[in-house]
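Trainee: Take this structure first; my questions come after.
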Amino acid sequence: MPDAAYNYRSSQDDQSISQRYAARILASLGAAAPEQAVTAAIHPARRWAESGLMSLTCADAQTPRMCPVPLASCADAALDAFRWLVGENVFPNSTGADLLVERATITGFQGNGSGSLAGHCRILQCRDGMLALSLTREEDWDLLPAWFEADTVSDWPSVEAHVKVVGTEALISRGKLLGLAVADARKIPGSSGDWMRVAYSNNAAARPRSLPRVIDLASLWAGPLCSSLWQAAGAKVTKVESSQRPDGARHGPAEFFALLNRGKRSVALDLHRKPGRQALLELIKQADIVLEGSRPRALRQMGIFAEELIDENPGLTWVSITGYGRREPQANWIAYGDDAGIAAGLSAILHQVTGDWLICGDAVADPLTALHAALAGWAGWSSGGGKLFDLSLEQTVRHCITATAPSDEDYLGRQVRWGQYLEDHHIAPLAPCRLREVATSEH
(Lines give C-alpha, C1' and ligand atoms only; values in the text may rest on other atoms or scores of the structure.)
Protein backbone atom coordinates (compact mmCIF):
# COMPACT_ATOMS: atom_id res chain seq x y z
CA MET A 1 0.00 0.00 0.00
CA PRO A 2 1.66 3.27 -1.06
CA ASP A 3 2.43 5.91 1.52
CA ALA A 4 0.46 8.44 -0.50
CA ALA A 5 -2.72 6.63 0.54
CA TYR A 6 -2.19 7.68 4.16
CA ASN A 7 -3.85 11.06 4.70
CA TYR A 8 -5.07 11.63 8.24
CA ARG A 9 -6.13 15.27 8.18
CA SER A 10 -9.87 14.78 8.49
CA SER A 11 -11.63 13.33 11.47
CA GLN A 12 -12.72 10.39 9.33
CA ASP A 13 -9.11 9.62 8.48
CA ASP A 14 -8.15 9.92 12.15
CA GLN A 15 -10.82 7.39 13.01
CA SER A 16 -9.47 4.81 10.54
CA ILE A 17 -5.79 4.98 11.49
CA SER A 18 -5.78 1.61 13.24
CA GLN A 19 -7.52 -0.09 10.31
CA ARG A 20 -5.08 1.33 7.80
CA TYR A 21 -2.11 0.39 9.95
CA ALA A 22 -3.29 -3.22 10.33
CA ALA A 23 -3.72 -3.53 6.57
CA ARG A 24 -0.27 -2.06 6.03
CA ILE A 25 1.64 -4.45 8.29
CA LEU A 26 -0.23 -7.50 7.01
CA ALA A 27 0.48 -6.48 3.43
CA SER A 28 4.19 -6.11 4.20
CA LEU A 29 4.23 -9.77 5.26
CA GLY A 30 2.57 -10.86 2.03
CA ALA A 31 -0.57 -11.92 3.90
CA ALA A 32 -3.73 -12.22 1.85
CA ALA A 33 -5.77 -9.04 2.12
CA PRO A 34 -8.66 -9.51 4.60
CA GLU A 35 -12.12 -9.08 3.10
CA GLN A 36 -12.93 -6.61 5.85
CA ALA A 37 -11.01 -4.57 8.41
CA VAL A 38 -9.39 -6.72 11.10
CA THR A 39 -9.60 -4.02 13.78
CA ALA A 40 -12.15 -1.48 14.91
CA ALA A 41 -12.21 2.15 13.83
CA ILE A 42 -11.75 3.96 17.14
CA HIS A 43 -10.43 7.50 17.35
CA PRO A 44 -6.75 7.47 18.38
CA ALA A 45 -7.28 10.24 20.93
CA ARG A 46 -9.88 8.10 22.70
CA ARG A 47 -7.55 5.08 22.67
CA TRP A 48 -4.67 7.15 24.03
CA ALA A 49 -6.73 8.58 26.90
CA GLU A 50 -8.68 5.46 27.85
CA SER A 51 -5.73 3.06 27.63
CA GLY A 52 -3.89 4.79 30.46
CA LEU A 53 -1.03 5.98 28.26
CA MET A 54 -2.07 9.61 28.57
CA SER A 55 -1.94 9.46 32.37
CA LEU A 56 1.59 8.02 32.14
CA THR A 57 2.85 10.78 29.84
CA CYS A 58 2.97 14.02 31.77
CA ALA A 59 5.20 16.80 33.03
CA ASP A 60 3.70 16.21 36.47
CA ALA A 61 0.99 13.98 37.87
CA GLN A 62 -1.66 16.66 37.28
CA THR A 63 -0.94 17.33 33.60
CA PRO A 64 -1.48 14.29 31.33
CA ARG A 65 -0.34 14.89 27.76
CA MET A 66 -1.79 13.90 24.42
CA CYS A 67 0.71 12.30 22.04
CA PRO A 68 0.03 13.01 18.34
CA VAL A 69 1.59 9.64 17.43
CA PRO A 70 -1.22 7.03 17.64
CA LEU A 71 0.79 4.39 19.51
CA ALA A 72 -2.27 2.89 21.22
CA SER A 73 -3.98 2.51 17.85
CA CYS A 74 -0.88 0.91 16.31
CA ALA A 75 -0.77 -1.58 19.19
CA ASP A 76 -4.47 -2.39 18.75
CA ALA A 77 -3.89 -2.89 15.03
CA ALA A 78 -0.89 -5.18 15.54
CA LEU A 79 -2.70 -7.40 18.05
CA ASP A 80 -5.82 -7.65 15.90
CA ALA A 81 -3.69 -8.41 12.83
CA PHE A 82 -2.04 -11.22 14.80
CA ARG A 83 -5.44 -12.55 15.85
CA TRP A 84 -6.60 -12.52 12.25
CA LEU A 85 -3.45 -14.31 11.09
CA VAL A 86 -3.67 -17.12 13.67
CA GLY A 87 -7.46 -17.38 13.53
CA GLU A 88 -7.75 -17.19 17.32
CA ASN A 89 -8.89 -14.46 19.70
CA VAL A 90 -5.69 -14.55 21.75
CA PHE A 91 -5.73 -12.48 24.96
CA PRO A 92 -9.50 -12.08 24.59
CA ASN A 93 -9.90 -9.62 27.48
CA SER A 94 -7.16 -7.27 26.23
CA THR A 95 -6.51 -4.73 23.52
CA GLY A 96 -3.10 -4.04 22.05
CA ALA A 97 -2.99 -0.78 23.99
CA ASP A 98 -3.56 -2.69 27.24
CA LEU A 99 -0.30 -4.55 26.62
CA LEU A 100 1.59 -1.24 26.51
CA VAL A 101 0.66 -0.42 30.11
CA GLU A 102 0.73 -3.82 31.85
CA ARG A 103 3.86 -3.09 33.86
CA ALA A 104 2.50 0.27 35.01
CA THR A 105 -0.78 -1.41 35.96
CA ILE A 106 1.12 -3.80 38.25
CA THR A 107 3.60 -1.32 39.71
CA GLY A 108 1.38 1.74 39.96
CA PHE A 109 3.98 3.83 38.15
CA GLN A 110 3.09 7.48 37.57
CA GLY A 111 4.26 9.91 34.92
CA ASN A 112 7.73 11.26 35.57
CA GLY A 113 8.25 13.97 32.97
CA SER A 114 11.73 13.68 31.45
CA GLY A 115 12.48 10.61 33.55
CA SER A 116 11.21 7.12 32.83
CA LEU A 117 8.55 5.59 35.05
CA ALA A 118 10.94 2.90 36.28
CA GLY A 119 13.61 5.54 36.99
CA HIS A 120 16.35 4.08 34.78
CA CYS A 121 16.18 6.52 31.84
CA ARG A 122 16.39 10.31 31.71
CA ILE A 123 16.45 13.01 29.07
CA LEU A 124 19.41 15.26 29.84
CA GLN A 125 20.57 18.69 28.70
CA CYS A 126 23.93 18.59 26.89
CA ARG A 127 26.09 21.51 25.87
CA ASP A 128 24.40 21.66 22.46
CA GLY A 129 21.29 19.48 22.63
CA MET A 130 19.31 16.83 24.46
CA LEU A 131 20.35 13.27 25.15
CA ALA A 132 18.57 10.14 26.46
CA LEU A 133 20.51 7.86 28.78
CA SER A 134 19.41 4.58 30.37
CA LEU A 135 21.32 3.20 33.33
CA THR A 136 19.53 -0.10 33.85
CA ARG A 137 22.29 -2.47 34.96
CA GLU A 138 24.79 -2.04 37.76
CA GLU A 139 27.59 -2.34 35.21
CA ASP A 140 26.21 0.70 33.36
CA TRP A 141 27.13 2.87 36.34
CA ASP A 142 30.60 1.33 36.32
CA LEU A 143 31.07 2.59 32.75
CA LEU A 144 30.40 6.24 33.58
CA PRO A 145 33.93 7.24 34.70
CA ALA A 146 35.29 6.03 31.34
CA TRP A 147 32.46 7.79 29.48
CA PHE A 148 33.08 11.12 31.18
CA GLU A 149 36.83 10.60 31.66
CA ALA A 150 36.24 11.42 35.32
CA ASP A 151 37.14 9.71 38.59
CA THR A 152 33.73 9.17 40.18
CA VAL A 153 30.16 9.46 38.89
CA SER A 154 27.82 7.87 41.40
CA ASP A 155 24.36 9.45 41.07
CA TRP A 156 22.05 11.20 38.62
CA PRO A 157 22.94 14.77 39.74
CA SER A 158 26.60 14.12 38.96
CA VAL A 159 25.63 12.58 35.61
CA GLU A 160 23.61 15.68 34.77
CA ALA A 161 26.50 17.94 35.72
CA HIS A 162 28.97 16.07 33.50
CA VAL A 163 26.62 15.81 30.51
CA LYS A 164 25.81 19.51 30.57
CA VAL A 165 29.32 20.56 29.51
CA VAL A 166 29.93 18.02 26.72
CA GLY A 167 28.65 17.98 23.14
CA THR A 168 25.87 15.58 22.19
CA GLU A 169 27.66 13.90 19.30
CA ALA A 170 30.78 13.13 21.34
CA LEU A 171 28.74 11.72 24.22
CA ILE A 172 26.66 9.48 21.98
CA SER A 173 29.53 8.11 19.90
CA ARG A 174 31.68 7.38 22.96
CA GLY A 175 28.74 6.00 24.93
CA LYS A 176 27.75 3.54 22.19
CA LEU A 177 31.31 2.28 21.93
CA LEU A 178 31.33 1.62 25.68
CA GLY A 179 28.00 -0.21 25.57
CA LEU A 180 25.75 2.43 27.10
CA ALA A 181 22.12 2.90 26.03
CA VAL A 182 22.36 6.48 24.84
CA ALA A 183 20.50 8.37 22.09
CA ASP A 184 19.96 11.81 20.58
CA ALA A 185 16.56 13.05 21.79
CA ARG A 186 16.16 15.88 19.27
CA LYS A 187 15.51 14.07 15.98
CA ILE A 188 12.05 13.74 14.44
CA PRO A 189 12.07 11.04 11.74
CA GLY A 190 11.22 11.77 8.13
CA SER A 191 10.82 8.83 5.81
CA SER A 192 11.55 5.40 7.23
CA GLY A 193 11.89 1.81 6.12
CA ASP A 194 9.55 -1.00 7.06
CA TRP A 195 9.04 -2.31 10.58
CA MET A 196 11.00 -5.51 9.95
CA ARG A 197 13.66 -6.81 7.59
CA VAL A 198 14.18 -10.33 6.28
CA ALA A 199 17.88 -10.54 7.06
CA TYR A 200 18.29 -14.04 5.61
CA SER A 201 16.19 -16.50 3.63
CA ASN A 202 17.09 -19.91 2.25
CA ASN A 203 14.23 -19.68 -0.27
CA ALA A 204 13.04 -23.09 0.88
CA ALA A 205 9.91 -23.95 2.77
CA ALA A 206 8.81 -26.90 4.86
CA ARG A 207 5.31 -28.02 5.69
CA PRO A 208 4.66 -26.53 9.14
CA ARG A 209 3.52 -28.61 12.08
CA SER A 210 -0.01 -28.10 13.33
CA LEU A 211 1.46 -25.88 16.08
CA PRO A 212 5.01 -24.56 16.43
CA ARG A 213 7.64 -25.44 19.01
CA VAL A 214 9.33 -22.24 20.21
CA ILE A 215 12.70 -21.69 21.87
CA ASP A 216 12.64 -18.32 23.62
CA LEU A 217 16.15 -17.01 24.30
CA ALA A 218 14.97 -13.48 25.09
CA SER A 219 14.60 -11.65 28.39
CA LEU A 220 13.08 -8.56 30.02
CA TRP A 221 9.86 -7.46 28.23
CA ALA A 222 9.74 -7.50 24.41
CA GLY A 223 10.82 -11.10 23.80
CA PRO A 224 8.85 -12.76 26.61
CA LEU A 225 5.68 -10.89 25.61
CA CYS A 226 6.19 -11.98 22.01
CA SER A 227 6.48 -15.65 22.95
CA SER A 228 3.47 -15.25 25.28
CA LEU A 229 1.44 -14.28 22.21
CA TRP A 230 2.63 -17.41 20.40
CA GLN A 231 1.86 -19.47 23.49
CA ALA A 232 -1.67 -18.07 23.60
CA ALA A 233 -2.05 -19.11 19.95
CA GLY A 234 -1.12 -22.70 20.85
CA ALA A 235 2.66 -22.82 20.51
CA LYS A 236 4.76 -24.91 22.92
CA VAL A 237 7.26 -22.43 24.36
CA THR A 238 10.51 -23.28 26.13
CA LYS A 239 12.15 -20.37 27.92
CA VAL A 240 15.94 -20.80 28.02
CA GLU A 241 18.08 -18.80 30.45
CA SER A 242 21.75 -18.72 31.32
CA SER A 243 22.31 -20.20 34.77
CA GLN A 244 24.99 -17.52 35.34
CA ARG A 245 22.87 -14.63 34.07
CA PRO A 246 19.12 -15.28 34.35
CA ASP A 247 16.48 -13.02 32.86
CA GLY A 248 16.90 -9.57 34.42
CA ALA A 249 13.12 -9.28 34.75
CA ARG A 250 13.37 -11.73 37.65
CA HIS A 251 14.71 -8.81 39.70
CA GLY A 252 11.61 -6.73 38.97
CA PRO A 253 7.98 -7.16 40.06
CA ALA A 254 7.25 -10.89 40.47
CA GLU A 255 3.70 -10.46 39.20
CA PHE A 256 4.97 -8.90 35.97
CA PHE A 257 7.53 -11.67 35.39
CA ALA A 258 4.80 -14.26 35.97
CA LEU A 259 2.47 -12.48 33.55
CA LEU A 260 5.10 -12.71 30.82
CA ASN A 261 6.38 -16.22 31.49
CA ARG A 262 3.78 -18.35 33.27
CA GLY A 263 2.98 -21.61 31.50
CA LYS A 264 6.25 -21.80 29.58
CA ARG A 265 8.65 -24.66 30.09
CA SER A 266 11.77 -23.24 31.77
CA VAL A 267 15.33 -24.46 31.15
CA ALA A 268 18.54 -23.07 32.70
CA LEU A 269 21.83 -23.88 30.97
CA ASP A 270 25.47 -23.16 31.81
CA LEU A 271 26.27 -21.35 28.56
CA HIS A 272 29.88 -20.72 29.65
CA ARG A 273 30.62 -24.42 29.23
CA LYS A 274 30.56 -26.64 26.17
CA PRO A 275 27.86 -29.08 27.45
CA GLY A 276 25.49 -26.18 28.08
CA ARG A 277 26.08 -24.70 24.64
CA GLN A 278 25.62 -28.11 23.04
CA ALA A 279 22.34 -28.58 24.92
CA LEU A 280 21.16 -25.20 23.63
CA LEU A 281 22.08 -26.16 20.08
CA GLU A 282 20.08 -29.38 20.37
CA LEU A 283 17.03 -27.47 21.62
CA ILE A 284 17.30 -25.06 18.70
CA LYS A 285 17.52 -27.91 16.19
CA GLN A 286 14.20 -29.27 17.45
CA ALA A 287 12.44 -25.89 17.20
CA ASP A 288 10.14 -24.39 14.59
CA ILE A 289 10.65 -20.81 15.84
CA VAL A 290 13.65 -19.38 17.67
CA LEU A 291 13.31 -16.02 19.39
CA GLU A 292 16.57 -14.17 20.09
CA GLY A 293 16.66 -11.00 22.18
CA SER A 294 20.35 -10.16 22.47
CA ARG A 295 22.95 -8.66 20.19
CA PRO A 296 23.84 -11.14 17.39
CA ARG A 297 27.42 -11.52 18.59
CA ALA A 298 26.24 -13.13 21.84
CA LEU A 299 25.22 -16.38 20.13
CA ARG A 300 27.92 -16.18 17.47
CA GLN A 301 30.55 -16.20 20.22
CA MET A 302 29.11 -19.56 21.28
CA GLY A 303 29.40 -20.91 17.74
CA ILE A 304 25.66 -20.59 17.07
CA PHE A 305 24.82 -18.89 13.76
CA ALA A 306 21.20 -18.31 12.82
CA GLU A 307 21.85 -18.49 9.08
CA GLU A 308 23.59 -21.87 9.29
CA LEU A 309 20.82 -23.35 11.42
CA ILE A 310 18.15 -22.12 9.02
CA ASP A 311 20.00 -23.84 6.17
CA GLU A 312 20.17 -27.06 8.19
CA ASN A 313 16.47 -26.86 9.01
CA PRO A 314 14.54 -25.26 6.13
CA GLY A 315 11.41 -25.05 8.28
CA LEU A 316 13.06 -22.91 10.95
CA THR A 317 11.88 -19.34 11.51
CA TRP A 318 14.28 -17.12 13.46
CA VAL A 319 13.07 -13.86 15.02
CA SER A 320 15.72 -11.42 16.22
CA ILE A 321 14.81 -8.48 18.47
CA THR A 322 17.59 -5.95 19.09
CA GLY A 323 17.87 -2.29 19.99
CA TYR A 324 18.80 -1.03 16.53
CA GLY A 325 18.89 -4.04 14.19
CA ARG A 326 21.45 -6.64 13.10
CA ARG A 327 23.38 -4.51 10.61
CA GLU A 328 26.75 -3.08 11.58
CA PRO A 329 27.53 -0.91 13.46
CA GLN A 330 24.00 -0.75 14.92
CA ALA A 331 24.13 -4.44 15.85
CA ASN A 332 26.50 -3.55 18.70
CA TRP A 333 24.38 -0.72 20.12
CA ILE A 334 22.44 -1.17 23.36
CA ALA A 335 18.85 0.02 23.79
CA TYR A 336 15.95 -0.38 26.20
CA GLY A 337 12.31 0.44 25.74
CA ASP A 338 12.40 4.07 26.88
CA ASP A 339 15.58 5.27 25.18
CA ALA A 340 14.68 3.40 21.97
CA GLY A 341 11.38 5.28 21.80
CA ILE A 342 13.24 8.54 22.33
CA ALA A 343 15.78 7.63 19.62
CA ALA A 344 12.89 7.00 17.24
CA GLY A 345 11.56 10.54 17.78
CA LEU A 346 8.73 10.32 20.32
CA SER A 347 10.15 12.82 22.81
CA ALA A 348 11.15 15.28 20.09
CA ILE A 349 7.57 15.24 18.81
CA LEU A 350 6.17 15.67 22.31
CA HIS A 351 8.56 18.58 22.88
CA GLN A 352 7.43 20.15 19.62
CA VAL A 353 3.76 20.11 20.64
CA THR A 354 3.99 20.64 24.42
CA GLY A 355 7.23 22.54 25.00
CA ASP A 356 8.29 19.91 27.57
CA TRP A 357 10.81 17.10 27.29
CA LEU A 358 8.74 14.03 28.15
CA ILE A 359 9.14 10.28 28.02
CA CYS A 360 6.16 8.67 26.35
CA GLY A 361 4.36 5.98 28.37
CA ASP A 362 6.32 3.15 29.96
CA ALA A 363 9.10 1.70 27.79
CA VAL A 364 6.61 1.57 24.91
CA ALA A 365 9.16 0.27 22.40
CA ASP A 366 9.23 -3.07 24.23
CA PRO A 367 5.57 -4.14 24.00
CA LEU A 368 5.13 -2.49 20.58
CA THR A 369 8.03 -4.51 19.20
CA ALA A 370 6.71 -7.67 20.86
CA LEU A 371 3.41 -7.33 19.02
CA HIS A 372 5.11 -6.81 15.66
CA ALA A 373 7.62 -9.62 16.25
CA ALA A 374 4.82 -12.06 17.09
CA LEU A 375 3.11 -11.19 13.82
CA ALA A 376 6.30 -11.65 11.78
CA GLY A 377 7.29 -14.91 13.46
CA TRP A 378 3.89 -16.53 13.04
CA ALA A 379 3.66 -15.42 9.41
CA GLY A 380 7.13 -16.87 8.76
CA TRP A 381 6.34 -20.19 10.43
CA SER A 382 2.93 -20.63 8.79
CA SER A 383 4.41 -19.99 5.34
CA GLY A 384 7.02 -22.74 5.75
CA GLY A 385 9.89 -21.03 7.59
CA GLY A 386 13.40 -20.55 6.26
CA LYS A 387 13.65 -16.89 7.26
CA LEU A 388 15.52 -14.69 9.72
CA PHE A 389 13.41 -11.69 10.72
CA ASP A 390 15.30 -8.64 11.97
CA LEU A 391 13.25 -6.34 14.23
CA SER A 392 14.50 -3.56 16.47
CA LEU A 393 12.96 -1.50 19.25
CA GLU A 394 13.95 1.76 17.59
CA GLN A 395 12.76 0.87 14.09
CA THR A 396 9.39 -0.44 15.27
CA VAL A 397 8.57 2.85 16.98
CA ARG A 398 10.00 4.82 14.06
CA HIS A 399 7.71 2.90 11.71
CA CYS A 400 4.67 3.63 13.89
CA ILE A 401 5.58 7.32 13.70
CA THR A 402 6.24 7.57 9.97
CA ALA A 403 3.48 5.22 8.79
CA THR A 404 0.85 7.29 10.60
CA ALA A 405 2.38 10.78 10.29
CA PRO A 406 0.09 13.66 9.28
CA SER A 407 0.51 14.30 5.58
CA ASP A 408 1.64 17.88 6.20
CA GLU A 409 3.86 16.89 9.18
CA ASP A 410 1.76 19.27 11.30
CA TYR A 411 1.91 17.50 14.65
CA LEU A 412 0.82 20.62 16.51
CA GLY A 413 -2.37 20.85 14.42
CA ARG A 414 -3.10 17.20 15.09
CA GLN A 415 -2.45 17.72 18.81
CA VAL A 416 -4.97 20.52 18.96
CA ARG A 417 -7.54 18.57 16.92
CA TRP A 418 -7.23 15.44 19.03
CA GLY A 419 -7.39 17.44 22.26
CA GLN A 420 -10.59 19.05 21.01
CA TYR A 421 -12.00 15.60 20.25
CA LEU A 422 -11.48 14.57 23.89
CA GLU A 423 -13.11 17.77 25.10
CA ASP A 424 -16.07 17.49 22.74
CA HIS A 425 -16.71 13.88 23.75
CA HIS A 426 -16.06 14.45 27.48
CA ILE A 427 -13.26 11.84 27.59
CA ALA A 428 -10.93 12.02 30.59
CA PRO A 429 -7.60 10.18 30.79
CA LEU A 430 -7.77 6.95 32.76
CA ALA A 431 -5.12 5.18 34.82
CA PRO A 432 -3.82 1.80 33.54
CA CYS A 433 -6.01 -0.84 35.12
CA ARG A 434 -6.54 -4.02 33.06
CA LEU A 435 -4.37 -7.15 32.95
CA ARG A 436 -4.83 -10.13 30.68
CA GLU A 437 -5.42 -13.67 31.82
CA VAL A 438 -2.55 -16.09 31.24
CA ALA A 439 -2.19 -19.85 30.95
CA THR A 440 -1.14 -21.70 34.09
CA SER A 441 -0.22 -25.16 32.73
CA GLU A 442 3.24 -26.03 31.46
CA HIS A 443 3.83 -27.94 28.21
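How things are named: the first chain in the C-alpha coordinates is A, the next is B, and so on; residues count from 1 in each chain; ligands count from 1 in the order shown.
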Out of stretch 199-386 of chain A, which residues get alpha helix (DSSP H) from DSSP, as a PyMOL selection string?

Mentor: chain A and resi 222-232+254-261+274-285+296-300+306-312+337-344+346-354+365-382

Trainee: I'd like to know which of A:His351, A:Arg434, A:Arg277, A:Arg174 is closest to A:Thr57, using only C-alpha atoms.

Mentor: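 Smallest separation from A:Thr57 among the options: A:His351.
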
Trainee: Would you list the contacts of A:Ala204 as a ChimeraX atom specification, taking every protein, DNA or RNA residue within 10 Å and counting only C-alpha atoms, but skipping same-chain residues closer than 4 positions in sequence?

Mentor: /A:310-311,313-315,384-387

Trainee: For the atom pair atom CA of A:Ser243 and atom CA of A:Glu282, what is the interatomic distance in Å to one decimal place?

Mentor: 17.2 Å

Trainee: For A:Ser28, work out the shell of residues within 12 Å, counting only C-alpha atoms and skipping chain neighbours fewer than 3 positions away, then give it as a PyMOL selection string.

Mentor: chain A and resi 1-2+21-25+31-33+81+193-198+372+375-376+379
